[in-house]
Structure formats: structure tokens, C-alpha cells
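Written out below as C-alpha cells is the structure these notes cover.
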Amino acid sequence: MFLLNKQLADDSFFITDLKICHLLLMNNTNYPWLILVPKIDNAVELTDLDFATQSEILAEINLVAKILQKKFRPTKLNIASLGNIVKQLHVHIIARFENDKVFPKPVWGDLSQPYEEQKAQDLIMEIKQLLENNAK
């Protein structure tokens, strides 16, 4: 049975379930930052999965990346699956801007600025709407 890693759950807001992945909003207002977590037991590396599943995850990464591009018009998207601390397979998709807090350096280790609950819920609703519009 799939269980979301506790640290991922504690550090993010649940947005929705896609076909393969949970979609999460990182609780950090410094960057528009979404996380995809494949709902696959014991997955650590993308290469642990068969090629068909990898392709479906890539399609979900592309969907989420396009939503971030459309909504935020970032200078650059950072897409990464590190897992040095949280071993559970997950993919970060982060919109970056030349004027963001640490650009062009990585966001890892930057102190987060948590969302106010209502602002997080508003952004989650907007992302859900963008997902629905993209599915049509």
C-alpha cells in the first residue's frame, strides 16, 4: 500500500491525484514549487520503474511544468529528483526568476517562507482549474 513520506506530507499541501502521482504544493512562498510523488510502493529511483510507467510520469511532469510556465512565466524551470534526504521517489518542479531570493543558486537549504492557509488554498484551486482546462 502506498504511503506518502511523512516529511513530504509535513512540508507541503496536497493538491490532487493525477493518474500516477500525488501533486503537492511545497509550503514555501519564496518559489512556485510543485512536487510529483508517484503512488508506487517502495519506488526510490525513476529507473526502478518500467519504461511505460516512466513515460507516464514524464507526461505528468510536462503537464505540471506547462502549468507553472503558463501561470508564472518563470525565467527557468528547475526539475529535479534528488532524494538525498527523502528517499521516496518524488520530482520537484520549481519556477525560478532572476529576482528570486537566491537565483541563480539552488533553492535547497534556503529557509522557507510558509503560506498563509488561505493563500495556499487559493493557489491550489487555481492549479486545479489549470489542470482541468489542460485536460480538455
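Naming works like this for the C-alpha cells: A, B, ... for the chains as they're shown, residue 1 at the start of each chain, ligands 1 onward in shown order.
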
Show me, as a Markdown table, the residues of stretch 56-85 of chain A having an atom within 12 Å of stretch 107-114 of chain A, each with the closest atom pair and its distance in Å, using only C-alpha atoms.
```
| residue | atom | partner | partner_atom | distance |
| --- | --- | --- | --- | --- |
| A:Leu77 | CA | A:Val107 | CA | 11.9 |
| A:Asn78 | CA | A:Val107 | CA | 9.5 |
| A:Ile79 | CA | A:Val107 | CA | 11.7 |
| A:Ala80 | CA | A:Trp108 | CA | 11.2 |
| A:Leu82 | CA | A:Trp108 | CA | 10.4 |
| A:Gly83 | CA | A:Trp108 | CA | 11.8 |
| A:Asn84 | CA | A:Trp108 | CA | 11.1 |
| A:Ile85 | CA | A:Trp108 | CA | 11.2 |
```

In stretch 76-124 of chain A, DSSP alpha helix (DSSP H) residues written as a PyMOL selection string = chain A and resi 117-124

For the selection you just gave me, I'd like the residues written to a file as a PDB file, in the first residue's frame, keeping C-alpha atoms.
```pdb
ATOM      1  CA  GLU A 117      -3.565  28.914   4.759  1.00  0.00           C
ATOM      2  CA  GLN A 118      -5.984  30.897   2.579  1.00  0.00           C
ATOM      3  CA  LYS A 119      -3.284  31.874   0.069  1.00  0.00           C
ATOM      4  CA  ALA A 120      -2.239  28.234  -0.245  1.00  0.00           C
ATOM      5  CA  GLN A 121      -5.862  27.145  -0.772  1.00  0.00           C
ATOM      6  CA  ASP A 122      -6.401  29.868  -3.389  1.00  0.00           C
ATOM      7  CA  LEU A 123      -3.305  28.740  -5.316  1.00  0.00           C
ATOM      8  CA  ILE A 124      -4.359  25.090  -5.038  1.00  0.00           C
TER       9      ILE A 124
END
```

If you count only C-alpha atoms, which residues fall within 7 Å of stretch 20-28 of chain A, apart from same-chain ones fewer than 3 positions away, as a list of chain:residue names?
->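 After dropping sequence-adjacent residues, the list is A:Asp11, A:Ser12, A:Phe13, A:Phe14, A:Ile15, A:Thr16, A:Asp17, A:Tyr31, A:Trp33, A:Leu34, A:Ile35, A:Leu36, A:Val37, A:Pro38, A:Lys39, A:Ile57, A:Ser112, A:Gln113, A:Pro114, A:Tyr115.
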
How would the residues just chosen look if you wrote them out with C-alpha atoms as a short mmCIF file (atom, residue, chain, number, x, y, z; two decimals), in the first residue's frame?
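Output saved as result21.cif:
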```
data_model
loop_
_atom_site.label_atom_id
_atom_site.label_comp_id
_atom_site.auth_asym_id
_atom_site.auth_seq_id
_atom_site.Cartn_x
_atom_site.Cartn_y
_atom_site.Cartn_z
CA ASP A 11 6.29 20.20 4.12
CA SER A 12 3.53 20.50 1.55
CA PHE A 13 -0.15 20.84 0.75
CA PHE A 14 -1.98 18.12 -1.18
CA ILE A 15 -3.38 19.43 -4.47
CA THR A 16 -4.79 16.40 -6.27
CA ASP A 17 -4.14 12.91 -7.55
CA TYR A 31 9.14 29.96 -5.13
CA TRP A 33 7.18 24.87 -6.22
CA LEU A 34 5.22 21.73 -7.01
CA ILE A 35 6.14 18.14 -6.25
CA LEU A 36 5.02 14.97 -8.01
CA VAL A 37 5.16 11.75 -5.97
CA PRO A 38 4.44 8.53 -7.88
CA LYS A 39 1.89 6.44 -5.99
CA ILE A 57 5.41 10.15 -15.06
CA SER A 112 11.19 28.60 3.56
CA GLN A 113 8.52 31.22 4.00
CA PRO A 114 5.29 29.26 4.71
CA TYR A 115 1.99 30.11 3.03
#
```

Looking at only C-alpha atoms, which of A:Leu46, A:Val64, A:Phe2, A:Ala9 is the one that sits closest to A:Leu130?
->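 Using only C-alpha atoms, A:Leu130 sits closest to A:Val64.
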
For A:Ser81, work out the shell of residues within 7 Å, counting only C-alpha atoms and skipping chain neighbours fewer than 3 positions away, then give it as number ranges by chain.
-> A: 90-92

d(atom CA of A:Ile94, atom CA of A:Thr29) in Å =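 Separating atom CA of A:Ile94 from atom CA of A:Thr29 is a distance of 11.4 Å.
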
Residue among A:Leu4, A:Leu131, A:Met125, A:Ile67 lying closest to A:Ile40, counting only C-alpha atoms =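 Distance minimum relative to A:Ile40 lands on A:Leu4.
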
Could you pull out all residues of chain A with a DSSP call of strand (DSSP E) and give them as a VMD selection string?
-> chain A and resid 12 to 17 21 to 26 33 to 38 76 to 80 91 to 96

Take the residues from that selection and put them in a file with C-alpha atoms, as an mmCIF file, in the first residue's frame.
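The resulting again.cif:
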```cif
data_model
loop_
_atom_site.group_PDB
_atom_site.id
_atom_site.type_symbol
_atom_site.label_atom_id
_atom_site.label_comp_id
_atom_site.auth_asym_id
_atom_site.auth_seq_id
_atom_site.Cartn_x
_atom_site.Cartn_y
_atom_site.Cartn_z
ATOM 1 C CA SER A 12 3.529 20.504 1.548
ATOM 2 C CA PHE A 13 -0.150 20.838 0.752
ATOM 3 C CA PHE A 14 -1.976 18.119 -1.178
ATOM 4 C CA ILE A 15 -3.381 19.432 -4.466
ATOM 5 C CA THR A 16 -4.792 16.396 -6.271
ATOM 6 C CA ASP A 17 -4.137 12.912 -7.548
ATOM 7 C CA CYS A 21 1.329 10.813 -8.979
ATOM 8 C CA HIS A 22 0.176 12.812 -5.996
ATOM 9 C CA LEU A 23 0.580 16.506 -6.811
ATOM 10 C CA LEU A 24 1.773 18.626 -3.888
ATOM 11 C CA LEU A 25 2.429 22.325 -3.296
ATOM 12 C CA MET A 26 5.631 22.916 -1.346
ATOM 13 C CA TRP A 33 7.178 24.871 -6.218
ATOM 14 C CA LEU A 34 5.217 21.734 -7.009
ATOM 15 C CA ILE A 35 6.142 18.140 -6.251
ATOM 16 C CA LEU A 36 5.019 14.971 -8.006
ATOM 17 C CA VAL A 37 5.155 11.746 -5.973
ATOM 18 C CA PRO A 38 4.443 8.526 -7.876
ATOM 19 C CA LYS A 76 13.693 28.990 -15.790
ATOM 20 C CA LEU A 77 12.104 25.811 -14.523
ATOM 21 C CA ASN A 78 14.130 23.584 -12.212
ATOM 22 C CA ILE A 79 13.012 19.957 -12.492
ATOM 23 C CA ALA A 80 14.821 17.525 -10.215
ATOM 24 C CA VAL A 91 10.100 15.135 -8.567
ATOM 25 C CA HIS A 92 10.425 18.839 -7.765
ATOM 26 C CA ILE A 93 9.198 21.321 -10.378
ATOM 27 C CA ILE A 94 10.190 24.829 -9.336
ATOM 28 C CA ALA A 95 9.568 28.113 -11.168
ATOM 29 C CA ARG A 96 12.634 30.331 -10.874
#
```

For atom CA of A:Asn30 and atom CA of A:Lys101, determine how far apart the two atoms are, in Å to one decimal place.
->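 For atom CA of A:Asn30 relative to atom CA of A:Lys101, the distance reads 6.9 Å.
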
Please provide as a list of chain:residue names all residues within 7 Å of stretch 42-44 of chain A, with the sequence filter that same-chain residues fewer than 3 positions apart are discarded (counting only C-alpha atoms).
->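 So the residues in contact are A:Asp48, A:Lys87, A:Gln88, A:Leu89.
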
Could you turn the residues from that selection into a file that holds N, CA and C atoms, as a CSV table (one decimal), in the first residue's frame?
```csv
chain,number,residue,atom,x,y,z
A,48,ASP,N,13.8,2.4,-11.2
A,48,ASP,CA,13.1,1.3,-10.5
A,48,ASP,C,11.8,0.9,-11.2
A,87,LYS,N,14.0,9.6,0.6
A,87,LYS,CA,14.3,8.5,-0.4
A,87,LYS,C,13.1,8.2,-1.3
A,88,GLN,N,11.9,8.4,-0.9
A,88,GLN,CA,10.8,8.1,-1.7
A,88,GLN,C,10.9,8.9,-3.0
A,89,LEU,N,10.6,8.2,-4.1
A,89,LEU,CA,10.7,8.9,-5.4
A,89,LEU,C,9.8,10.1,-5.5
```
